[in-house]
Structures are given as C-alpha cells and as structure tokens.
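The file protein.pdb comes next; it holds PDB, C-alpha atoms and all ligand atoms.
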```pdb
ATOM      1  CA  MET A   1      10.626  20.279  19.042
ATOM      2  CA  LYS A   2      13.035  22.052  16.678
ATOM      3  CA  LEU A   3      15.232  18.965  16.495
ATOM      4  CA  TYR A   4      12.167  16.857  15.853
ATOM      5  CA  ASP A   5      11.014  19.157  13.037
ATOM      6  CA  ALA A   6      14.493  19.122  11.547
ATOM      7  CA  LEU A   7      14.552  15.332  11.563
ATOM      8  CA  VAL A   8      11.159  15.096   9.973
ATOM      9  CA  LYS A   9      12.202  17.571   7.294
ATOM     10  CA  PHE A  10      15.399  15.611   6.718
ATOM     11  CA  GLY A  11      13.214  12.595   6.113
ATOM     12  CA  PHE A  12      11.412  14.271   3.255
ATOM     13  CA  CYS A  13      14.344  16.164   1.782
ATOM     14  CA  ALA A  14      13.119  15.095  -1.644
ATOM     15  CA  HIS A  15      10.445  17.722  -1.056
ATOM     16  CA  GLU A  16      13.073  19.835  -2.821
ATOM     17  CA  ALA A  17      13.288  17.461  -5.750
ATOM     18  CA  ASN A  18      11.400  18.461  -8.848
ATOM     19  CA  VAL A  19      10.019  15.037  -9.741
ATOM     20  CA  LEU A  20       8.743  12.017  -7.891
ATOM     21  CA  PRO A  21      11.887   9.929  -7.961
ATOM     22  CA  GLU A  22      11.675   6.399  -9.277
ATOM     23  CA  LEU A  23      11.587   4.945  -5.815
ATOM     24  CA  GLU A  24       8.962   2.382  -6.496
ATOM     25  CA  PHE A  25       9.973  -1.212  -7.076
ATOM     26  CA  PHE A  26      13.476  -0.642  -5.813
ATOM     27  CA  SER A  27      15.367  -3.742  -4.752
ATOM     28  CA  LEU A  28      12.921  -5.984  -2.900
ATOM     29  CA  HIS A  29       9.983  -4.415  -4.583
ATOM     30  CA  SER A  30      11.486  -5.017  -7.967
ATOM     31  CA  SER A  31      10.664  -8.609  -7.197
ATOM     32  CA  VAL A  32       6.982  -7.668  -7.093
ATOM     33  CA  ARG A  33       7.341  -7.241 -10.826
ATOM     34  CA  VAL A  34       9.414 -10.330 -11.259
ATOM     35  CA  LEU A  35       7.920 -12.817  -8.833
ATOM     36  CA  PRO A  36       4.806 -14.311 -10.354
ATOM     37  CA  ILE A  37       1.385 -14.124  -8.788
ATOM     38  CA  GLU A  38       1.812 -17.722  -7.515
ATOM     39  CA  PHE A  39       4.143 -16.366  -4.829
ATOM     40  CA  PHE A  40       1.582 -13.844  -3.597
ATOM     41  CA  LYS A  41      -1.248 -16.373  -3.798
ATOM     42  CA  LEU A  42       0.694 -18.715  -1.521
ATOM     43  CA  VAL A  43       1.880 -16.033   0.904
ATOM     44  CA  LEU A  44      -0.905 -13.443   1.179
ATOM     45  CA  GLY A  45      -4.518 -14.087   2.178
ATOM     46  CA  ARG A  46      -7.470 -14.655  -0.148
ATOM     47  CA  HIS A  47      -7.865 -10.940  -0.923
ATOM     48  CA  LEU A  48      -4.183 -10.687  -1.929
ATOM     49  CA  LYS A  49      -3.883  -7.656   0.306
ATOM     50  CA  TYR A  50      -0.220  -6.690   0.261
ATOM     51  CA  SER A  51      -0.578  -4.325   3.199
ATOM     52  CA  PRO A  52      -1.550  -4.575   6.885
ATOM     53  CA  ALA A  53      -4.661  -6.393   8.044
ATOM     54  CA  LEU A  54      -6.767  -5.737  11.143
ATOM     55  CA  PHE A  55      -6.892  -8.453  13.807
ATOM     56  CA  ASN A  56      -9.937  -8.364  16.018
ATOM     57  CA  SER A  57      -9.195 -11.586  17.847
ATOM     58  CA  GLU A  58      -6.402 -14.148  18.110
ATOM     59  CA  SER A  59      -8.432 -16.766  16.253
ATOM     60  CA  ASP A  60      -9.078 -14.636  13.159
ATOM     61  CA  THR A  61      -7.848 -16.093   9.872
ATOM     62  CA  LEU A  62      -5.729 -14.032   7.481
ATOM     63  CA  ASP A  63      -8.694 -13.881   5.071
ATOM     64  CA  GLU A  64     -10.919 -12.449   7.803
ATOM     65  CA  VAL A  65      -8.419  -9.846   8.984
ATOM     66  CA  GLU A  66      -7.723  -8.686   5.439
ATOM     67  CA  GLU A  67     -11.454  -8.148   5.003
ATOM     68  CA  ALA A  68     -11.745  -6.371   8.373
ATOM     69  CA  MET A  69      -9.167  -3.804   7.281
ATOM     70  CA  LEU A  70     -10.779  -3.304   3.862
ATOM     71  CA  ALA A  71     -14.147  -2.691   5.548
ATOM     72  CA  THR A  72     -12.482  -0.212   7.921
ATOM     73  CA  TYR A  73     -11.023   1.763   5.017
ATOM     74  CA  CYS A  74     -14.459   2.077   3.390
ATOM     75  CA  LYS A  75     -16.068   3.116   6.664
ATOM     76  CA  ARG A  76     -13.397   5.696   7.461
ATOM     77  CA  ALA A  77     -13.589   7.111   3.943
ATOM     78  CA  CYS A  78     -17.406   7.328   4.282
ATOM     79  CA  LEU A  79     -17.751   5.424   1.016
ATOM     80  CA  ARG A  80     -21.309   5.173  -0.293
ATOM     81  CA  ASP A  81     -22.666   2.900  -2.980
ATOM     82  CA  GLY A  82     -22.875   4.640  -6.345
ATOM     83  CA  GLN A  83     -19.774   6.784  -5.896
ATOM     84  CA  THR A  84     -16.830   6.967  -8.271
ATOM     85  CA  VAL A  85     -13.621   5.597  -6.788
ATOM     86  CA  LEU A  86      -9.938   5.814  -7.715
ATOM     87  CA  ASP A  87      -7.658   3.171  -6.153
ATOM     88  CA  LEU A  88      -4.099   4.449  -6.573
ATOM     89  CA  GLY A  89      -1.409   1.766  -6.255
ATOM     90  CA  CYS A  90      -4.041  -0.963  -6.302
ATOM     91  CA  GLY A  91      -1.573  -3.865  -6.106
ATOM     92  CA  TRP A  92      -3.331  -7.180  -6.726
ATOM     93  CA  GLY A  93      -6.697  -5.463  -6.367
ATOM     94  CA  SER A  94      -7.629  -6.155  -2.736
ATOM     95  CA  LEU A  95      -9.514  -2.920  -2.169
ATOM     96  CA  SER A  96     -10.827  -2.479  -5.722
ATOM     97  CA  LEU A  97     -12.353  -5.963  -5.723
ATOM     98  CA  TYR A  98     -13.734  -5.544  -2.212
ATOM     99  CA  ILE A  99     -15.511  -2.356  -3.300
ATOM    100  CA  ALA A 100     -16.684  -3.951  -6.551
ATOM    101  CA  LYS A 101     -18.385  -6.683  -4.542
ATOM    102  CA  ASN A 102     -19.746  -4.735  -1.576
ATOM    103  CA  PHE A 103     -20.628  -1.485  -3.339
ATOM    104  CA  PRO A 104     -21.927  -2.820  -6.664
ATOM    105  CA  ASN A 105     -23.010   0.598  -7.934
ATOM    106  CA  CYS A 106     -19.611   2.188  -7.387
ATOM    107  CA  LYS A 107     -17.435   2.674 -10.442
ATOM    108  CA  VAL A 108     -13.849   1.829  -9.560
ATOM    109  CA  THR A 109     -10.752   2.897 -11.474
ATOM    110  CA  SER A 110      -7.695   0.991 -10.321
ATOM    111  CA  VAL A 111      -4.162   2.111 -11.104
ATOM    112  CA  SER A 112      -0.885   0.297 -10.689
ATOM    113  CA  SER A 113       2.390   0.261 -12.545
ATOM    114  CA  SER A 114       2.289  -3.497 -13.105
ATOM    115  CA  ALA A 115       0.646  -5.129 -16.125
ATOM    116  CA  LYS A 116       0.578  -8.440 -14.213
ATOM    117  CA  GLN A 117      -1.545  -6.837 -11.515
ATOM    118  CA  LYS A 118      -3.934  -5.454 -14.147
ATOM    119  CA  LYS A 119      -4.340  -8.893 -15.716
ATOM    120  CA  LEU A 120      -5.010 -10.575 -12.393
ATOM    121  CA  ILE A 121      -7.648  -8.004 -11.398
ATOM    122  CA  GLU A 122      -9.343  -8.192 -14.803
ATOM    123  CA  ASP A 123      -9.382 -12.008 -14.670
ATOM    124  CA  GLU A 124     -10.942 -11.847 -11.217
ATOM    125  CA  CYS A 125     -13.563  -9.340 -12.403
ATOM    126  CA  ARG A 126     -14.500 -11.672 -15.263
ATOM    127  CA  ARG A 127     -14.670 -14.655 -12.901
ATOM    128  CA  MET A 128     -16.832 -12.777 -10.393
ATOM    129  CA  GLU A 129     -18.833 -10.989 -13.106
ATOM    130  CA  TYR A 130     -17.974  -7.525 -11.809
ATOM    131  CA  SER A 131     -18.477  -4.911 -14.484
ATOM    132  CA  ASN A 132     -17.713  -1.891 -12.311
ATOM    133  CA  VAL A 133     -13.884  -1.961 -12.287
ATOM    134  CA  SER A 134     -11.531  -0.589 -14.894
ATOM    135  CA  VAL A 135      -7.820  -1.197 -14.419
ATOM    136  CA  LEU A 136      -5.087   1.033 -15.811
ATOM    137  CA  THR A 137      -1.392   0.287 -15.956
ATOM    138  CA  SER A 138       0.503   3.476 -15.343
ATOM    139  CA  ASP A 139       3.293   4.830 -13.230
ATOM    140  CA  ILE A 140       1.770   7.408 -10.911
ATOM    141  CA  ASN A 141       4.596   9.767 -11.965
ATOM    142  CA  TYR A 142       2.976  10.004 -15.389
ATOM    143  CA  PHE A 143      -0.638   9.060 -14.711
ATOM    144  CA  GLU A 144      -3.284  11.604 -15.676
ATOM    145  CA  ALA A 145      -6.869  10.844 -14.686
ATOM    146  CA  ASN A 146      -8.707  13.512 -16.724
ATOM    147  CA  ALA A 147     -11.663  13.076 -14.361
ATOM    148  CA  SER A 148     -12.634  13.674 -10.764
ATOM    149  CA  PHE A 149     -13.629  10.998  -8.266
ATOM    150  CA  ASP A 150     -15.849  10.995  -5.177
ATOM    151  CA  ARG A 151     -13.357   8.910  -3.229
ATOM    152  CA  ILE A 152      -9.648   8.373  -3.817
ATOM    153  CA  PHE A 153      -7.838   5.651  -1.892
ATOM    154  CA  SER A 154      -4.131   5.026  -1.715
ATOM    155  CA  ILE A 155      -3.164   2.039   0.389
ATOM    156  CA  GLN A 156       0.542   1.748   1.141
ATOM    157  CA  MET A 157       1.727   3.407  -2.037
ATOM    158  CA  PHE A 158       3.016   6.666  -0.568
ATOM    159  CA  GLU A 159       5.933   4.764   0.995
ATOM    160  CA  HIS A 160       7.241   4.276  -2.550
ATOM    161  CA  MET A 161       6.983   7.989  -3.296
ATOM    162  CA  LYS A 162       8.653  11.256  -2.438
ATOM    163  CA  ASN A 163       7.811  14.881  -3.115
ATOM    164  CA  TYR A 164       4.455  14.594  -1.382
ATOM    165  CA  GLU A 165       3.625  18.218  -2.109
ATOM    166  CA  LYS A 166       3.643  17.542  -5.817
ATOM    167  CA  LEU A 167       1.920  14.185  -5.475
ATOM    168  CA  LEU A 168      -0.868  15.602  -3.312
ATOM    169  CA  TYR A 169      -1.273  18.490  -5.717
ATOM    170  CA  LYS A 170      -1.630  16.027  -8.579
ATOM    171  CA  ILE A 171      -4.206  13.996  -6.674
ATOM    172  CA  SER A 172      -6.114  17.151  -5.673
ATOM    173  CA  THR A 173      -6.699  17.899  -9.367
ATOM    174  CA  TRP A 174      -8.764  14.673  -9.487
ATOM    175  CA  MET A 175     -10.958  15.829  -6.590
ATOM    176  CA  HIS A 176     -14.051  17.996  -6.512
ATOM    177  CA  SER A 177     -15.336  19.921  -3.508
ATOM    178  CA  ASP A 178     -17.037  16.839  -1.955
ATOM    179  CA  SER A 179     -14.284  14.360  -2.730
ATOM    180  CA  LEU A 180     -12.345  12.655   0.033
ATOM    181  CA  LEU A 181      -8.846  11.233  -0.176
ATOM    182  CA  PHE A 182      -8.047   8.288   2.114
ATOM    183  CA  ILE A 183      -4.403   7.325   2.609
ATOM    184  CA  ASP A 184      -2.957   4.358   4.493
ATOM    185  CA  ILE A 185       0.766   4.249   5.265
ATOM    186  CA  PHE A 186       2.991   2.498   7.759
ATOM    187  CA  CYS A 187       5.121   4.875   9.790
ATOM    188  CA  HIS A 188       7.219   5.626  12.845
ATOM    189  CA  LYS A 189       5.550   7.651  15.587
ATOM    190  CA  MET A 190       8.092  10.507  15.230
ATOM    191  CA  PHE A 191      10.750  10.069  12.597
ATOM    192  CA  ALA A 192      10.766   9.797   8.816
ATOM    193  CA  TYR A 193      13.688   7.983   7.251
ATOM    194  CA  HIS A 194      14.779   5.686   4.457
ATOM    195  CA  PHE A 195      14.113   1.990   5.061
ATOM    196  CA  GLU A 196      17.173   0.227   3.721
ATOM    197  CA  MET A 197      18.103  -3.435   3.685
ATOM    198  CA  HIS A 198      21.162  -5.136   2.227
ATOM    199  CA  GLY A 199      22.411  -1.711   1.118
ATOM    200  CA  HIS A 200      19.328  -0.989  -1.012
ATOM    201  CA  LEU A 201      16.713   1.640  -0.457
ATOM    202  CA  PHE A 202      13.368  -0.161  -0.164
ATOM    203  CA  PHE A 203      11.039   2.699   0.601
ATOM    204  CA  VAL A 204      10.473   5.752   2.731
ATOM    205  CA  LEU A 205       9.350   5.076   6.265
ATOM    206  CA  PRO A 206       7.303   8.200   6.972
ATOM    207  CA  ALA A 207       6.624   9.763  10.369
ATOM    208  CA  ASP A 208       3.034   9.736  11.605
ATOM    209  CA  ASN A 209       2.707  13.493  11.072
ATOM    210  CA  LEU A 210       4.723  13.711   7.827
ATOM    211  CA  LEU A 211       1.751  14.085   5.484
ATOM    212  CA  LEU A 212       0.335  16.845   7.670
ATOM    213  CA  TYR A 213       3.152  19.117   6.496
ATOM    214  CA  PHE A 214       1.710  19.034   2.980
ATOM    215  CA  GLN A 215      -1.636  20.733   3.195
ATOM    216  CA  SER A 216      -1.328  23.321   0.419
ATOM    217  CA  HIS A 217      -3.813  21.548  -1.832
ATOM    218  CA  VAL A 218      -5.652  19.186   0.529
ATOM    219  CA  SER A 219      -6.586  19.605   4.184
ATOM    220  CA  ILE A 220      -6.870  16.986   6.868
ATOM    221  CA  GLU A 221     -10.350  15.906   7.965
ATOM    222  CA  ASP A 222      -9.448  12.913  10.141
ATOM    223  CA  HIS A 223      -6.399  10.947  11.223
ATOM    224  CA  TRP A 224      -6.225   7.471  12.857
ATOM    225  CA  ASN A 225      -3.416   5.337  14.256
ATOM    226  CA  VAL A 226      -3.614   1.580  13.956
ATOM    227  CA  ASN A 227      -1.435  -0.142  16.563
ATOM    228  CA  GLY A 228       1.693  -1.647  14.953
ATOM    229  CA  LYS A 229       0.883  -5.114  16.281
ATOM    230  CA  HIS A 230      -1.647  -5.548  13.467
ATOM    231  CA  TYR A 231       1.035  -5.130  10.789
ATOM    232  CA  SER A 232       3.450  -7.244  12.838
ATOM    233  CA  LYS A 233       0.960 -10.111  12.962
ATOM    234  CA  THR A 234       0.149  -9.716   9.279
ATOM    235  CA  SER A 235       3.791 -10.030   8.330
ATOM    236  CA  GLU A 236       4.224 -12.984  10.681
ATOM    237  CA  GLU A 237       1.354 -14.710   8.854
ATOM    238  CA  TRP A 238       3.056 -14.020   5.501
ATOM    239  CA  LEU A 239       6.279 -15.504   6.867
ATOM    240  CA  LYS A 240       4.512 -18.614   8.175
ATOM    241  CA  ARG A 241       2.834 -19.177   4.841
ATOM    242  CA  MET A 242       6.067 -18.679   2.950
ATOM    243  CA  ASP A 243       7.779 -21.266   5.160
ATOM    244  CA  ALA A 244       4.841 -23.672   4.978
ATOM    245  CA  ASN A 245       4.943 -23.520   1.161
ATOM    246  CA  VAL A 246       8.684 -23.926   0.790
ATOM    247  CA  GLU A 247       8.339 -26.930  -1.509
ATOM    248  CA  LYS A 248       6.118 -25.087  -3.970
ATOM    249  CA  LEU A 249       8.030 -21.815  -3.711
ATOM    250  CA  GLU A 250      11.603 -23.050  -4.050
ATOM    251  CA  PRO A 251      11.302 -24.013  -7.747
ATOM    252  CA  LEU A 252       9.681 -20.646  -8.362
ATOM    253  CA  PHE A 253      12.591 -18.820  -6.739
ATOM    254  CA  HIS A 254      15.047 -20.853  -8.836
ATOM    255  CA  GLU A 255      13.149 -19.996 -11.987
ATOM    256  CA  ILE A 256      13.124 -16.267 -11.182
ATOM    257  CA  TYR A 257      16.391 -15.679  -9.351
ATOM    258  CA  GLY A 258      18.551 -18.490 -10.801
ATOM    259  CA  SER A 259      21.784 -18.971  -8.855
ATOM    260  CA  GLU A 260      20.733 -16.208  -6.452
ATOM    261  CA  ALA A 261      17.576 -18.034  -5.356
ATOM    262  CA  GLY A 262      18.940 -18.848  -1.901
ATOM    263  CA  LYS A 263      19.930 -15.240  -1.290
ATOM    264  CA  TRP A 264      16.513 -13.941  -2.335
ATOM    265  CA  TRP A 265      14.765 -16.514  -0.188
ATOM    266  CA  VAL A 266      16.655 -15.069   2.791
ATOM    267  CA  TYR A 267      15.938 -11.473   1.681
ATOM    268  CA  TRP A 268      12.202 -12.094   1.594
ATOM    269  CA  ARG A 269      12.237 -13.880   4.957
ATOM    270  CA  THR A 270      14.365 -11.077   6.436
ATOM    271  CA  PHE A 271      11.877  -8.507   5.211
ATOM    272  CA  PHE A 272       8.917 -10.315   6.787
ATOM    273  CA  ILE A 273      10.861 -10.896  10.026
ATOM    274  CA  ALA A 274      11.965  -7.233  10.159
ATOM    275  CA  VAL A 275       8.369  -6.021   9.810
ATOM    276  CA  THR A 276       7.159  -8.553  12.387
ATOM    277  CA  GLU A 277       9.722  -7.435  14.964
ATOM    278  CA  LEU A 278       9.734  -3.707  14.236
ATOM    279  CA  PHE A 279       5.999  -3.195  14.408
ATOM    280  CA  VAL A 280       5.500  -5.161  17.627
ATOM    281  CA  TYR A 281       8.240  -3.180  19.393
ATOM    282  CA  ASN A 282       7.114  -1.050  22.348
ATOM    283  CA  ASP A 283       3.748  -2.784  22.328
ATOM    284  CA  GLY A 284       3.036  -1.546  18.804
ATOM    285  CA  GLU A 285       3.277   2.127  19.803
ATOM    286  CA  GLU A 286       6.620   2.905  18.112
ATOM    287  CA  TRP A 287       6.061   1.878  14.484
ATOM    288  CA  MET A 288       2.444   1.735  13.403
ATOM    289  CA  VAL A 289      -0.019   2.190  10.550
ATOM    290  CA  SER A 290      -1.654   5.558  10.017
ATOM    291  CA  ASN A 291      -4.793   6.454   8.117
ATOM    292  CA  TYR A 292      -5.602   9.957   6.892
ATOM    293  CA  LEU A 293      -8.695  11.485   5.378
ATOM    294  CA  PHE A 294      -8.173  14.653   3.350
ATOM    295  CA  LYS A 295     -10.548  16.915   1.491
ATOM    296  CA  LYS A 296      -9.665  19.264  -1.364
ATOM    297  CA  LYS A 297      -8.642  22.717  -0.261
TER
HETATM  298  C1  LIG B   1       2.590  -2.389  -0.765
HETATM  299  S1  LIG B   1       1.741  -2.569  -2.269
HETATM  300  C2  LIG B   1       0.080  -2.183  -1.814
HETATM  301  C3  LIG B   1      -0.899  -2.722  -2.810
HETATM  302  C4  LIG B   1      -2.384  -2.551  -2.507
HETATM  303  N1  LIG B   1      -2.747  -1.162  -2.363
HETATM  304  C5  LIG B   1      -2.778  -3.365  -1.309
HETATM  305  O1  LIG B   1      -3.082  -2.773  -0.258
HETATM  306  O2  LIG B   1      -2.801  -4.588  -1.421
HETATM  307  C6  LIG B   1       2.234  -1.098  -3.146
HETATM  308  C7  LIG B   1       1.636  -0.981  -4.532
HETATM  309  O3  LIG B   1       1.835   0.341  -4.997
HETATM  310  C8  LIG B   1       1.792   0.329  -6.388
HETATM  311  N2  LIG B   1       2.855   1.241  -6.871
HETATM  312  C9  LIG B   1       4.104   1.416  -6.378
HETATM  313  N3  LIG B   1       4.759   2.347  -7.051
HETATM  314  C10 LIG B   1       3.900   2.790  -8.015
HETATM  315  C11 LIG B   1       3.997   3.754  -9.050
HETATM  316  N4  LIG B   1       5.102   4.473  -9.226
HETATM  317  N5  LIG B   1       2.918   3.951  -9.832
HETATM  318  C12 LIG B   1       1.771   3.239  -9.658
HETATM  319  N6  LIG B   1       1.637   2.304  -8.687
HETATM  320  C13 LIG B   1       2.689   2.089  -7.891
HETATM  321  C14 LIG B   1       1.914  -1.098  -6.863
HETATM  322  O4  LIG B   1       0.631  -1.528  -7.280
HETATM  323  C15 LIG B   1       2.262  -1.854  -5.597
HETATM  324  O5  LIG B   1       1.722  -3.140  -5.618
END
```

Output the structure of this file as structure tokens.
Amino acid sequence: MKLYDALVKFGFCAHEANVLPELEFFSLHSSVRVLPIEFFKLVLGRHLKYSPALFNSESDTLDEVEEAMLATYCKRACLRDGQTVLDLGCGWGSLSLYIAKNFPNCKVTSVSSSAKQKKLIEDECRRMEYSNVSVLTSDINYFEANASFDRIFSIQMFEHMKNYEKLLYKISTWMHSDSLLFIDIFCHKMFAYHFEMHGHLFFVLPADNLLLYFQSHVSIEDHWNVNGKHYSKTSEEWLKRMDANVEKLEPLFHEIYGSEAGKWWVYWRTFFIAVTELFVYNDGEEWMVSNYLFKKK
C-alpha cells in the first residue's frame, strides 16, 4: 500500500507547484484550438460530446449514447429544474445545451478557453431559441465566477489540470452549503501518470482515487466507476467516422497542418486507436471513467 500511495503521489507531484500549469491544449489538444468545428462535427456525435458516451446496447447510435451519458450526469448530480449551473470546460457545449433543453428553467454558465467553442454554443442557442445559457471564454487558471452555483459540472477537464488542491479550493469558493460538484474523468484503476504520445505530454491520466486525496475544501458524497469499454467504444466510433469522412477531412488537414497534414492524420488516428485499445483492456476494468460528487466542506 505504501508503494501504491507513493506512486499516486508521484502522479500528482505538481501538487507542490504553486500554479495550475498550462497543461491544457498541449500537443494534440492544441489542435482543438486549430482544427475547425467541421472536424468535430464529422467525427463526434450530434451533441458534439468530446468525452465518453454510455452504451446501453450494441445497436445504440453515437447520438443516443452521448445523450445517455449526459442524462446520467444530470441524474447523478441530482440536478433539478430551476437551479443555477456552472459547466467548467464546456467544450462544444454538449452538457450545457443538454441542460438548456431538458431543464429549461436552469440558468447555465458555460466556461471554456476557446472562443470558437463559445461562438458555436451561442449560435446553437440562437438556433434553438435557448435563452438560459451564457458562455464565457476564459482559462480556468484565471477565471473568477463572482457568484455561487447550485450545481457545478466538470466533464473531462481535470485531465488537463494539475494542482487539484488549488483548483478544488477555487471551485469551492463558487459553492454554497447546498451546492454539489460533479466531476467526470478518465483514469487508471490504481496509478496516476502523464499520458504522453510522440514525446509530448497530452494530459494527466489520474488514478481512480486521486481526487479523494484533495478533500480540504470539498468532501466526497458519491463515487461511480463507468467500465472502460464505454470510452473504448466511443473512441472507436470517432475513429470510424474520421476514416469514413477521409475525403472531406483531408483538405481540412492540409489547410490547417500544411506539409505536416499526413503526420497529424496519423497522430489523431493513433490517439483514437490508443483510447480504444487501452480502455477495453482487462474487460474495461483497468482503465475506466470515474464520476465524483462533492459537496462544499
Ligand atoms: C475533453 S474536452 C471535454 C469537453 C466537454 N466537457 C465535453 O464533455 O464535451 C476538454 C475541454 O476542457 C476545456 N479546457 C481545457 N483546458 C482548459 C482551461 N485551462 N480553461 C478552461 N477550459 C479548459 C476545453 O473546453 C476543452 O474542450
């Protein structure tokens, strides 16, 4: 157990660091900024959920499984209509827009560091006539909410972060005594480590219990594991769609990556293949997705 603890602590050595390092959008993820929305529209499902989906049956479509996971988040976070919601690291707005539609009296504040993501979410709100979402472009390192929220969600953003103590403290200042914080991450069942590809640090791969070490300002209410096969299948779907749309995507890659288009095509495929294979390993019990519900301490 001591060795295990030491390894976990090694994994979050940046606990010692005094700022949240600029981990986000490193290497592959820098392409999230650069690759236009057309890529994500062709590769992800209808909700543009850039995170694991939940497969209930083999015949489910990607659109259905995205929605199943979004509904699960809301259920696990005990979200009620009329509450105020903060969606931290909202990406292309999958959860924010789901809540806007299904909980029309909720007021959603969505935060991401990408202006392109803000524009897409705002366009979608106009198209769908949602007036209950406000989108802010800000790096979480510098974001200040100046308000408290009934529910705070963060779906697959913590993997881009370090110094969880400081981050959770910051988030706790946006909570009141009845607030709940729901976090979704992918993880290994025991070990936290850096996920690197092609010599670049992509993100932190946390251990399932990593966040539980940081309960100075929030305390755990509930904790779920989602079998890794769900993320594996999600990534396999992304890969299939990327391959099926090669003719539309190739010019896009040339436009963005120029002479390195071929290399980046392989990088993206390698990433999707790595996730597909890693998360199915050991019947999905080795790498998995974990959900946590915290309250303010
Ligand atoms: C894997 S995506 C998940 C997006 C979305 N939550 C979803 O489930 O579709 C990670 C997202 O975290 C957000 N993000 C990463 N680093 C960030 C930072 N430093 N500040 C704010 N948002 C960040 C970006 O919106 C990025 O799209």

Please, which residues have at least one atom within 8 Å of an atom of ligand LIG 1 (chain B), using only C-alpha atoms and all ligand atoms, listed as JSON, numbers by chain? {"A": [22, 23, 24, 25, 32, 48, 49, 50, 51, 52, 87, 88, 89, 90, 91, 92, 93, 94, 95, 111, 112, 113, 114, 117, 137, 138, 139, 140, 141, 143, 154, 155, 156, 157, 158, 160, 161]}

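The residue that comes closest to A:Val133, out of A:Ala77, A:Leu62, A:Leu120, A:Val85 and on the basis of all atoms listed in the file, is A:Val85.
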
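The nearest approach to A:Phe203 among the residues A:Glu159, A:Tyr73, A:Glu165, A:Glu237, with only C-alpha atoms taken into account, belongs to A:Glu159.
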
(message) Please expand the PyMOL selection byres (((chain A and resi 215-230) around 7) and not hetatm) into the concrete residues it hits in this file, giving the result as a PyMOL selection string.
(response) chain A and resi 52-55+168-169+172+212-214+231-234+279-280+284-285+287-297

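Here the PyMOL selection byres (((chain A and resi 41) around 12) and not hetatm) captures the residues Leu35, Pro36, Ile37, Glu38, Phe39, Phe40, Leu42, Val43, Leu44, Gly45, Arg46, His47, Leu48, Lys49, Tyr50, Asp63, Trp92, Leu120, Trp238, Arg241, Met242, Asn245, Lys248 and Leu249 of chain A.
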
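Residue nearest A:Phe195 within the list A:Leu97, A:Ala145, A:Val246, A:Val275: A:Val275 [criterion: smallest interatomic distance, only C-alpha atoms].
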
Using the incomplete input, complete stretch 48-66 of chain A to the level of N, CA and C atoms; output as a PDB file, in the coordinates of the input.
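Heads up, here's the output in result-v8.pdb:
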```
ATOM      1  N   LEU A  48      -5.486 -11.117  -1.395  1.00  0.00           N
ATOM      2  CA  LEU A  48      -4.183 -10.687  -1.929  1.00  0.00           C
ATOM      3  C   LEU A  48      -3.847  -9.261  -1.496  1.00  0.00           C
ATOM      4  N   LYS A  49      -4.147  -8.998  -0.238  1.00  0.00           N
ATOM      5  CA  LYS A  49      -3.883  -7.656   0.306  1.00  0.00           C
ATOM      6  C   LYS A  49      -2.414  -7.584   0.727  1.00  0.00           C
ATOM      7  N   TYR A  50      -1.653  -6.803  -0.028  1.00  0.00           N
ATOM      8  CA  TYR A  50      -0.220  -6.690   0.261  1.00  0.00           C
ATOM      9  C   TYR A  50       0.014  -5.439   1.114  1.00  0.00           C
ATOM     10  N   SER A  51      -0.633  -5.446   2.260  1.00  0.00           N
ATOM     11  CA  SER A  51      -0.578  -4.325   3.199  1.00  0.00           C
ATOM     12  C   SER A  51      -1.230  -4.827   4.502  1.00  0.00           C
ATOM     13  N   PRO A  52      -1.116  -4.056   5.580  1.00  0.00           N
ATOM     14  CA  PRO A  52      -1.550  -4.575   6.885  1.00  0.00           C
ATOM     15  C   PRO A  52      -3.025  -4.934   6.963  1.00  0.00           C
ATOM     16  N   ALA A  53      -3.288  -5.966   7.772  1.00  0.00           N
ATOM     17  CA  ALA A  53      -4.661  -6.393   8.044  1.00  0.00           C
ATOM     18  C   ALA A  53      -5.035  -5.941   9.464  1.00  0.00           C
ATOM     19  N   LEU A  54      -6.277  -6.191   9.837  1.00  0.00           N
ATOM     20  CA  LEU A  54      -6.767  -5.737  11.143  1.00  0.00           C
ATOM     21  C   LEU A  54      -7.274  -6.936  11.936  1.00  0.00           C
ATOM     22  N   PHE A  55      -6.555  -7.272  13.006  1.00  0.00           N
ATOM     23  CA  PHE A  55      -6.892  -8.453  13.807  1.00  0.00           C
ATOM     24  C   PHE A  55      -7.846  -8.057  14.929  1.00  0.00           C
ATOM     25  N   ASN A  56      -9.021  -8.645  14.920  1.00  0.00           N
ATOM     26  CA  ASN A  56      -9.937  -8.364  16.018  1.00  0.00           C
ATOM     27  C   ASN A  56      -9.787  -9.375  17.145  1.00  0.00           C
ATOM     28  N   SER A  57      -9.430 -10.611  16.784  1.00  0.00           N
ATOM     29  CA  SER A  57      -9.195 -11.586  17.847  1.00  0.00           C
ATOM     30  C   SER A  57      -8.095 -12.549  17.401  1.00  0.00           C
ATOM     31  N   GLU A  58      -7.528 -13.238  18.361  1.00  0.00           N
ATOM     32  CA  GLU A  58      -6.402 -14.148  18.110  1.00  0.00           C
ATOM     33  C   GLU A  58      -6.755 -15.228  17.083  1.00  0.00           C
ATOM     34  N   SER A  59      -8.047 -15.630  17.091  1.00  0.00           N
ATOM     35  CA  SER A  59      -8.432 -16.766  16.253  1.00  0.00           C
ATOM     36  C   SER A  59      -8.789 -16.368  14.814  1.00  0.00           C
ATOM     37  N   ASP A  60      -8.734 -15.079  14.514  1.00  0.00           N
ATOM     38  CA  ASP A  60      -9.078 -14.636  13.159  1.00  0.00           C
ATOM     39  C   ASP A  60      -8.135 -15.237  12.114  1.00  0.00           C
ATOM     40  N   THR A  61      -8.699 -15.612  10.969  1.00  0.00           N
ATOM     41  CA  THR A  61      -7.848 -16.093   9.872  1.00  0.00           C
ATOM     42  C   THR A  61      -7.331 -14.889   9.078  1.00  0.00           C
ATOM     43  N   LEU A  62      -6.290 -15.127   8.283  1.00  0.00           N
ATOM     44  CA  LEU A  62      -5.729 -14.032   7.481  1.00  0.00           C
ATOM     45  C   LEU A  62      -6.791 -13.466   6.526  1.00  0.00           C
ATOM     46  N   ASP A  63      -7.630 -14.352   5.976  1.00  0.00           N
ATOM     47  CA  ASP A  63      -8.694 -13.881   5.071  1.00  0.00           C
ATOM     48  C   ASP A  63      -9.645 -12.929   5.798  1.00  0.00           C
ATOM     49  N   GLU A  64      -9.982 -13.289   7.034  1.00  0.00           N
ATOM     50  CA  GLU A  64     -10.919 -12.449   7.803  1.00  0.00           C
ATOM     51  C   GLU A  64     -10.304 -11.092   8.159  1.00  0.00           C
ATOM     52  N   VAL A  65      -9.027 -11.118   8.554  1.00  0.00           N
ATOM     53  CA  VAL A  65      -8.419  -9.846   8.984  1.00  0.00           C
ATOM     54  C   VAL A  65      -8.121  -8.930   7.804  1.00  0.00           C
ATOM     55  N   GLU A  66      -7.859  -9.523   6.646  1.00  0.00           N
ATOM     56  CA  GLU A  66      -7.723  -8.686   5.439  1.00  0.00           C
ATOM     57  C   GLU A  66      -9.045  -7.951   5.208  1.00  0.00           C
TER      58      GLU A  66
END
```
